[in-house]
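Chemist: Handing over work_27.pdb, PDB, C-alpha atoms.
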ATOM      1  CA  MET A1490      39.137   2.432 -81.770
ATOM      2  CA  ASN A1491      36.280  -0.031 -82.096
ATOM      3  CA  PHE A1492      32.759   1.274 -81.483
ATOM      4  CA  GLU A1493      29.647  -0.713 -80.653
ATOM      5  CA  VAL A1494      26.576   1.120 -81.896
ATOM      6  CA  SER A1495      23.576  -0.123 -79.942
ATOM      7  CA  LEU A1496      19.897   0.560 -80.332
ATOM      8  CA  SER A1497      18.105   0.937 -77.022
ATOM      9  CA  THR A1498      14.946  -1.056 -76.431
ATOM     10  CA  CYS A1499      13.312   2.002 -74.826
ATOM     11  CA  TRP A1500      11.464   2.778 -78.059
ATOM     12  CA  CYS A1501       9.959  -0.695 -78.493
ATOM     13  CA  SER A1502       9.833  -2.673 -75.233
ATOM     14  CA  GLY A1503       6.427  -1.294 -74.273
ATOM     15  CA  ARG A1504       4.709  -2.728 -77.328
ATOM     16  CA  HIS A1505       6.262  -6.185 -77.226
ATOM     17  CA  GLU A1506       5.130  -9.205 -75.229
ATOM     18  CA  ASP A1507       8.041 -11.385 -76.366
ATOM     19  CA  GLY A1508      11.652 -10.345 -75.775
ATOM     20  CA  TYR A1509      12.866 -12.560 -78.612
ATOM     21  CA  GLU A1510      10.649 -10.778 -81.133
ATOM     22  CA  MET A1511      11.601  -7.397 -79.685
ATOM     23  CA  LEU A1512      15.287  -8.112 -80.299
ATOM     24  CA  ARG A1513      14.507  -9.596 -83.729
ATOM     25  CA  GLU A1514      12.926  -6.258 -84.673
ATOM     26  CA  ILE A1515      16.138  -4.464 -83.680
ATOM     27  CA  ALA A1516      18.321  -6.950 -85.570
ATOM     28  CA  ASN A1517      16.102  -6.606 -88.649
ATOM     29  CA  LEU A1518      16.892  -2.884 -88.629
ATOM     30  CA  GLY A1519      20.553  -3.810 -89.089
ATOM     31  CA  PHE A1520      21.785  -3.513 -85.521
ATOM     32  CA  GLU A1521      24.247  -6.050 -84.159
ATOM     33  CA  TYR A1522      23.945  -4.685 -80.594
ATOM     34  CA  ALA A1523      21.046  -3.664 -78.365
ATOM     35  CA  GLU A1524      20.872  -1.927 -75.009
ATOM     36  CA  LEU A1525      18.232  -3.353 -72.696
ATOM     37  CA  SER A1526      16.533  -0.273 -71.300
ATOM     38  CA  HIS A1527      14.898   0.378 -67.947
ATOM     39  CA  GLY A1528      11.563  -0.695 -69.435
ATOM     40  CA  ILE A1529      12.239  -4.442 -69.644
ATOM     41  CA  ARG A1530       9.415  -6.290 -67.922
ATOM     42  CA  VAL A1531      10.029  -9.713 -66.371
ATOM     43  CA  THR A1532       7.811 -11.264 -69.068
ATOM     44  CA  LEU A1533      10.335 -10.249 -71.759
ATOM     45  CA  MET A1534      13.248 -12.014 -70.056
ATOM     46  CA  PRO A1535      12.838 -15.565 -71.463
ATOM     47  CA  GLY A1536      12.936 -14.358 -75.068
ATOM     48  CA  ILE A1537      15.833 -12.008 -74.372
ATOM     49  CA  LEU A1538      17.841 -14.804 -72.747
ATOM     50  CA  LYS A1539      17.112 -17.118 -75.688
ATOM     51  CA  ALA A1540      18.219 -14.506 -78.247
ATOM     52  CA  ALA A1541      21.397 -13.737 -76.291
ATOM     53  CA  GLU A1542      22.195 -17.435 -76.011
ATOM     54  CA  GLU A1543      21.685 -17.983 -79.754
ATOM     55  CA  GLY A1544      24.028 -15.057 -80.397
ATOM     56  CA  TRP A1545      22.375 -13.505 -83.443
ATOM     57  CA  ILE A1546      22.207 -10.242 -81.487
ATOM     58  CA  LYS A1547      24.561  -8.994 -78.796
ATOM     59  CA  ILE A1548      23.568  -7.029 -75.726
ATOM     60  CA  SER A1549      25.999  -4.160 -75.129
ATOM     61  CA  SER A1550      24.510  -2.914 -71.880
ATOM     62  CA  THR A1551      21.562  -2.883 -69.553
ATOM     63  CA  HIS A1552      19.934   0.135 -67.964
ATOM     64  CA  ASN A1553      19.123  -0.180 -64.267
ATOM     65  CA  PHE A1554      16.572  -1.568 -63.370
ATOM     66  CA  CYS A1555      16.636  -4.412 -65.837
ATOM     67  CA  PRO A1556      14.413  -6.244 -65.480
ATOM     68  CA  LEU A1557      11.922  -3.951 -63.818
ATOM     69  CA  PRO A1558      10.959  -4.657 -60.216
ATOM     70  CA  VAL A1559       8.064  -7.123 -59.977
ATOM     71  CA  GLY A1560       4.752  -5.318 -60.366
ATOM     72  CA  VAL A1561       6.228  -2.329 -62.207
ATOM     73  CA  LEU A1562       4.984  -2.303 -65.793
ATOM     74  CA  HIS A1563       6.431   0.951 -67.126
ATOM     75  CA  PRO A1564       9.970   2.341 -67.555
ATOM     76  CA  ALA A1565      11.148   3.340 -64.093
ATOM     77  CA  PRO A1566      14.891   4.040 -63.711
ATOM     78  CA  ASN A1567      14.207   6.131 -60.605
ATOM     79  CA  TYR A1568      11.644   3.839 -58.985
ATOM     80  CA  TYR A1569      14.135   3.396 -56.154
ATOM     81  CA  GLN A1570      16.899   5.944 -55.644
ATOM     82  CA  PRO A1571      20.259   5.550 -53.903
ATOM     83  CA  SER A1572      19.981   9.182 -52.792
ATOM     84  CA  SER A1573      16.679   8.715 -50.981
ATOM     85  CA  PRO A1574      16.423   9.783 -47.338
ATOM     86  CA  ASN A1575      14.332   6.611 -46.868
ATOM     87  CA  LYS A1576      16.563   3.701 -45.818
ATOM     88  CA  GLN A1577      14.099   1.079 -47.067
ATOM     89  CA  GLU A1578      14.083   2.675 -50.526
ATOM     90  CA  ARG A1579      17.887   2.663 -50.620
ATOM     91  CA  GLU A1580      17.838  -1.027 -49.618
ATOM     92  CA  MET A1581      15.471  -1.770 -52.493
ATOM     93  CA  TRP A1582      17.755   0.159 -54.865
ATOM     94  CA  VAL A1583      20.672  -2.056 -53.792
ATOM     95  CA  ARG A1584      18.594  -5.231 -54.147
ATOM     96  CA  GLN A1585      17.233  -4.338 -57.586
ATOM     97  CA  THR A1586      20.639  -3.117 -58.769
ATOM     98  CA  LEU A1587      22.258  -6.408 -57.746
ATOM     99  CA  ALA A1588      19.537  -8.210 -59.733
ATOM    100  CA  THR A1589      20.350  -5.989 -62.729
ATOM    101  CA  LEU A1590      24.051  -6.831 -62.432
ATOM    102  CA  ASP A1591      23.304 -10.551 -62.396
ATOM    103  CA  PHE A1592      20.916 -10.289 -65.361
ATOM    104  CA  THR A1593      23.531  -8.273 -67.245
ATOM    105  CA  THR A1594      25.964 -11.172 -67.082
ATOM    106  CA  LYS A1595      23.255 -13.634 -68.175
ATOM    107  CA  VAL A1596      22.824 -11.692 -71.427
ATOM    108  CA  LYS A1597      26.614 -11.403 -71.815
ATOM    109  CA  ALA A1598      26.666  -7.609 -71.613
ATOM    110  CA  SER A1599      29.592  -5.753 -70.083
ATOM    111  CA  ARG A1600      28.066  -2.438 -69.015
ATOM    112  CA  VAL A1601      25.274  -1.132 -66.818
ATOM    113  CA  VAL A1602      23.835   2.396 -66.931
ATOM    114  CA  MET A1603      22.701   3.580 -63.490
ATOM    115  CA  HIS A1604      20.952   6.702 -62.266
ATOM    116  CA  SER A1605      22.296   8.146 -59.028
ATOM    117  CA  GLY A1606      19.024   9.592 -57.828
ATOM    118  CA  SER A1607      18.147  13.181 -57.174
ATOM    119  CA  VAL A1608      18.359  15.891 -54.559
ATOM    120  CA  PHE A1609      15.094  15.871 -52.707
ATOM    121  CA  GLY A1610      13.377  19.144 -52.056
ATOM    122  CA  ARG A1611      12.765  22.032 -54.359
ATOM    123  CA  PHE A1612      14.624  25.116 -55.339
ATOM    124  CA  ILE A1613      12.522  28.248 -55.531
ATOM    125  CA  PHE A1614      15.034  29.526 -58.058
ATOM    126  CA  ASP A1615      17.361  27.524 -60.283
ATOM    127  CA  PRO A1616      20.821  27.894 -58.693
ATOM    128  CA  PHE A1617      22.508  27.494 -62.084
ATOM    129  CA  LYS A1618      20.395  30.089 -63.900
ATOM    130  CA  LYS A1619      23.010  32.840 -63.464
ATOM    131  CA  VAL A1620      25.763  30.469 -64.640
ATOM    132  CA  GLU A1621      23.824  29.682 -67.813
ATOM    133  CA  LYS A1622      23.079  33.376 -68.370
ATOM    134  CA  LEU A1623      26.794  34.236 -68.146
ATOM    135  CA  LYS A1624      27.704  31.445 -70.566
ATOM    136  CA  LYS A1625      25.125  32.722 -73.029
ATOM    137  CA  GLN A1626      26.321  36.331 -72.670
ATOM    138  CA  ARG A1627      29.951  35.363 -73.252
ATOM    139  CA  GLY A1628      29.167  33.382 -76.375
ATOM    140  CA  GLN A1629      29.703  29.809 -77.426
ATOM    141  CA  ASP A1630      33.323  30.089 -78.492
ATOM    142  CA  VAL A1631      34.634  31.919 -75.424
ATOM    143  CA  ASP A1632      36.956  30.075 -73.044
ATOM    144  CA  LEU A1633      35.648  30.619 -69.511
ATOM    145  CA  VAL A1634      38.687  29.192 -67.697
ATOM    146  CA  ASP A1635      39.904  32.624 -66.565
ATOM    147  CA  ASP A1636      36.494  34.313 -66.190
ATOM    148  CA  VAL A1637      36.297  35.246 -62.479
ATOM    149  CA  GLN A1638      32.637  36.260 -62.593
ATOM    150  CA  TYR A1639      31.699  32.943 -64.214
ATOM    151  CA  HIS A1640      33.672  30.916 -61.628
ATOM    152  CA  ASN A1641      32.135  32.870 -58.739
ATOM    153  CA  ALA A1642      28.636  32.183 -60.079
ATOM    154  CA  LEU A1643      29.500  28.512 -60.604
ATOM    155  CA  ASP A1644      30.888  28.160 -57.060
ATOM    156  CA  LYS A1645      27.833  29.856 -55.569
ATOM    157  CA  ALA A1646      25.454  27.584 -57.512
ATOM    158  CA  ARG A1647      27.447  24.470 -56.607
ATOM    159  CA  ASN A1648      27.425  25.425 -52.914
ATOM    160  CA  LYS A1649      23.643  25.944 -52.977
ATOM    161  CA  LEU A1650      23.210  22.529 -54.566
ATOM    162  CA  LEU A1651      25.539  20.828 -52.076
ATOM    163  CA  LYS A1652      23.747  22.485 -49.158
ATOM    164  CA  LYS A1653      20.396  21.330 -50.509
ATOM    165  CA  ALA A1654      21.749  17.827 -51.093
ATOM    166  CA  GLY A1655      22.200  17.268 -47.377
ATOM    167  CA  HIS A1656      22.863  13.598 -46.763
ATOM    168  CA  ALA A1657      21.927  12.538 -50.314
ATOM    169  CA  LEU A1658      25.527  12.499 -51.540
ATOM    170  CA  GLN A1659      26.644  10.239 -48.700
ATOM    171  CA  TYR A1660      23.656   7.952 -49.314
ATOM    172  CA  ILE A1661      24.730   7.642 -52.959
ATOM    173  CA  VAL A1662      28.328   6.835 -52.006
ATOM    174  CA  ASP A1663      27.168   4.249 -49.451
ATOM    175  CA  SER A1664      24.720   2.629 -51.879
ATOM    176  CA  TYR A1665      27.276   2.346 -54.664
ATOM    177  CA  ALA A1666      29.794   0.918 -52.189
ATOM    178  CA  ARG A1667      27.388  -1.986 -51.701
ATOM    179  CA  VAL A1668      26.979  -2.816 -55.407
ATOM    180  CA  LEU A1669      30.340  -1.953 -56.973
ATOM    181  CA  PRO A1670      32.188  -4.954 -55.499
ATOM    182  CA  ARG A1671      29.643  -7.265 -57.166
ATOM    183  CA  ALA A1672      29.949  -5.376 -60.461
ATOM    184  CA  SER A1673      33.723  -5.704 -60.287
ATOM    185  CA  GLU A1674      33.481  -9.397 -59.408
ATOM    186  CA  LEU A1675      31.293  -9.920 -62.491
ATOM    187  CA  GLY A1676      33.661  -7.898 -64.702
ATOM    188  CA  LEU A1677      31.082  -5.193 -65.408
ATOM    189  CA  LYS A1678      31.770  -1.534 -66.155
TER     190      LYS A1678
END
Please express what this file holds, its structure, as structure tokens.

Modeler:
Amino acid sequence: MNFEVSLSTCWCSGRHEDGYEMLREIANLGFEYAELSHGIRVTLMPGILKAAEEGWIKISSTHNFCPLPVGVLHPAPNYYQPSSPNKQEREMWVRQTLATLDFTTKVKASRVVMHSGSVFGRFIFDPFKKVEKLKKQRGQDVDLVDDVQYHNALDKARNKLLKKAGHALQYIVDSYARVLPRASELGLK
């Protein structure tokens, strides 16, 4: 099996004004691959594209949104969420995600990391707290496959989460259905 070890730009993109120099810093540390994180500002793009074209560093993946939406100057993977109850926000997620997919191919990467959003609303109590407590009580090396009490707690927590999720899960499915054909067309994973 062949592994690509990549260094994410999340630790350095905020202090660079030039994408070329940012990637040079990563290459100088001995990395052949970099992941472009969700903190890549539009101003870094020309240098990144130049470095990718020259080929002295390879881009393994991008992290949605890459580049950041115009006007956003800080890492913001959840700036727009596919799970949002707001239709306009979901539309912006699709639009920005499609831009990420296109940019990913420009830098010759093959993968995109995407966040699927969150369940809106708050839990007064963590629904998985009892599940975690049971796991801790049983010990690290115990197989919980046949533990009825554990499975009951897990089912109860999962049902609470699904109930709280409301339409969010369908919004996620619908949003991904709009971007996955383009990802497939571009040969992205």

Chemist: Just want the 6 Å neighbourhood of A:His1527, counted on only C-alpha atoms, with same-chain residues fewer than 4 positions away dropped. Output as a list in words.

Modeler: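 The residues that qualify are His1552, Asn1553, Phe1554, Cys1555, Pro1564 and Pro1566 of chain A.
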
Chemist: Keeping only C-alpha atoms, write those residues as a short mmCIF file (atom, residue, chain, number, x, y, z; two decimals), in the coordinates of the input.

Modeler:
data_model
loop_
_atom_site.label_atom_id
_atom_site.label_comp_id
_atom_site.auth_asym_id
_atom_site.auth_seq_id
_atom_site.Cartn_x
_atom_site.Cartn_y
_atom_site.Cartn_z
CA HIS A 1552 19.93 0.14 -67.96
CA ASN A 1553 19.12 -0.18 -64.27
CA PHE A 1554 16.57 -1.57 -63.37
CA CYS A 1555 16.64 -4.41 -65.84
CA PRO A 1564 9.97 2.34 -67.56
CA PRO A 1566 14.89 4.04 -63.71
#

Chemist: Give me the stretch 1590-1660 of chain A side of the contact with stretch 1667-1678 of chain A, cut-off 10 Å, one line per residue showing its nearest atom pair and distance in Å at one decimal, counting all atoms listed in the file, sorted by chain and residue number, as a Markdown table.

Modeler:
| residue | atom | partner | partner_atom | distance |
| --- | --- | --- | --- | --- |
| A:Leu1590 | CA | A:Ala1672 | CA | 6.4 |
| A:Asp1591 | CA | A:Leu1675 | CA | 8.0 |
| A:Thr1593 | CA | A:Leu1677 | CA | 8.4 |
| A:Thr1594 | CA | A:Leu1675 | CA | 7.1 |
| A:Lys1597 | CA | A:Leu1677 | CA | 10.0 |
| A:Ala1598 | CA | A:Leu1677 | CA | 8.0 |
| A:Ser1599 | CA | A:Leu1677 | CA | 4.9 |
| A:Arg1600 | CA | A:Lys1678 | CA | 4.8 |
| A:Val1601 | CA | A:Lys1678 | CA | 6.5 |
| A:Val1602 | CA | A:Lys1678 | CA | 8.9 |

Chemist: Hey, what comes out of the PyMOL selection byres ((chain A and resi 1646) around 10) on this file? Could you write it as a list of chain:residue names?

Modeler: A:Asp1615, A:Pro1616, A:Phe1617, A:Lys1618, A:Lys1619, A:Val1620, A:His1640, A:Asn1641, A:Ala1642, A:Leu1643, A:Asp1644, A:Lys1645, A:Arg1647, A:Asn1648, A:Lys1649, A:Leu1650, A:Leu1651, A:Lys1652

Chemist: Applied to this file, what does the PyMOL selection byres ((chain A and resi 1541) around 12) return in terms of residues, put as an mmCIF file with C-alpha atoms, in the coordinates of the input?

Modeler:
data_model
loop_
_atom_site.group_PDB
_atom_site.id
_atom_site.type_symbol
_atom_site.label_atom_id
_atom_site.label_comp_id
_atom_site.auth_asym_id
_atom_site.auth_seq_id
_atom_site.Cartn_x
_atom_site.Cartn_y
_atom_site.Cartn_z
ATOM 1 C CA GLY A 1508 11.652 -10.345 -75.775
ATOM 2 C CA TYR A 1509 12.866 -12.560 -78.612
ATOM 3 C CA LEU A 1512 15.287 -8.112 -80.299
ATOM 4 C CA ARG A 1513 14.507 -9.596 -83.729
ATOM 5 C CA ALA A 1516 18.321 -6.950 -85.570
ATOM 6 C CA GLU A 1521 24.247 -6.050 -84.159
ATOM 7 C CA TYR A 1522 23.945 -4.685 -80.594
ATOM 8 C CA ALA A 1523 21.046 -3.664 -78.365
ATOM 9 C CA GLU A 1524 20.872 -1.927 -75.009
ATOM 10 C CA LEU A 1525 18.232 -3.353 -72.696
ATOM 11 C CA MET A 1534 13.248 -12.014 -70.056
ATOM 12 C CA PRO A 1535 12.838 -15.565 -71.463
ATOM 13 C CA GLY A 1536 12.936 -14.358 -75.068
ATOM 14 C CA ILE A 1537 15.833 -12.008 -74.372
ATOM 15 C CA LEU A 1538 17.841 -14.804 -72.747
ATOM 16 C CA LYS A 1539 17.112 -17.118 -75.688
ATOM 17 C CA ALA A 1540 18.219 -14.506 -78.247
ATOM 18 C CA GLU A 1542 22.195 -17.435 -76.011
ATOM 19 C CA GLU A 1543 21.685 -17.983 -79.754
ATOM 20 C CA GLY A 1544 24.028 -15.057 -80.397
ATOM 21 C CA TRP A 1545 22.375 -13.505 -83.443
ATOM 22 C CA ILE A 1546 22.207 -10.242 -81.487
ATOM 23 C CA LYS A 1547 24.561 -8.994 -78.796
ATOM 24 C CA ILE A 1548 23.568 -7.029 -75.726
ATOM 25 C CA SER A 1549 25.999 -4.160 -75.129
ATOM 26 C CA PHE A 1592 20.916 -10.289 -65.361
ATOM 27 C CA THR A 1593 23.531 -8.273 -67.245
ATOM 28 C CA THR A 1594 25.964 -11.172 -67.082
ATOM 29 C CA LYS A 1595 23.255 -13.634 -68.175
ATOM 30 C CA VAL A 1596 22.824 -11.692 -71.427
ATOM 31 C CA LYS A 1597 26.614 -11.403 -71.815
ATOM 32 C CA ALA A 1598 26.666 -7.609 -71.613
#

Chemist: Go through A:Asp1636, A:Asp1663, A:Glu1514, A:Asp1507 one by one, measure the shortest atom-to-atom distance of each to A:Ser1573 using all atoms listed in the file, and give the residue with the smallest value.

Modeler: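 So, comparing all the options, the nearest one is A:Asp1663.
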
Chemist: For each of A:Ala1588, A:Val1637, A:Ala1666, A:Leu1557, take the minimum atom-to-atom distance to A:Leu1533, counting all atoms listed in the file, then give the residue where this is smallest.

Modeler: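 For A:Leu1533, the nearest of the candidates is A:Leu1557.
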
Chemist: Give me the residues within 7 Å of A:Trp1582 as a list of chain:residue names, counting only C-alpha atoms and dropping any in the same chain fewer than 6 places off.

Modeler: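 In the requested form, the answer reads A:Tyr1569, A:Gln1570, A:Pro1571.
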
Chemist: What gap, in Å, lies between atom CA of A:Glu1506 and atom CA of A:Phe1520?

Modeler: 20.4 Å
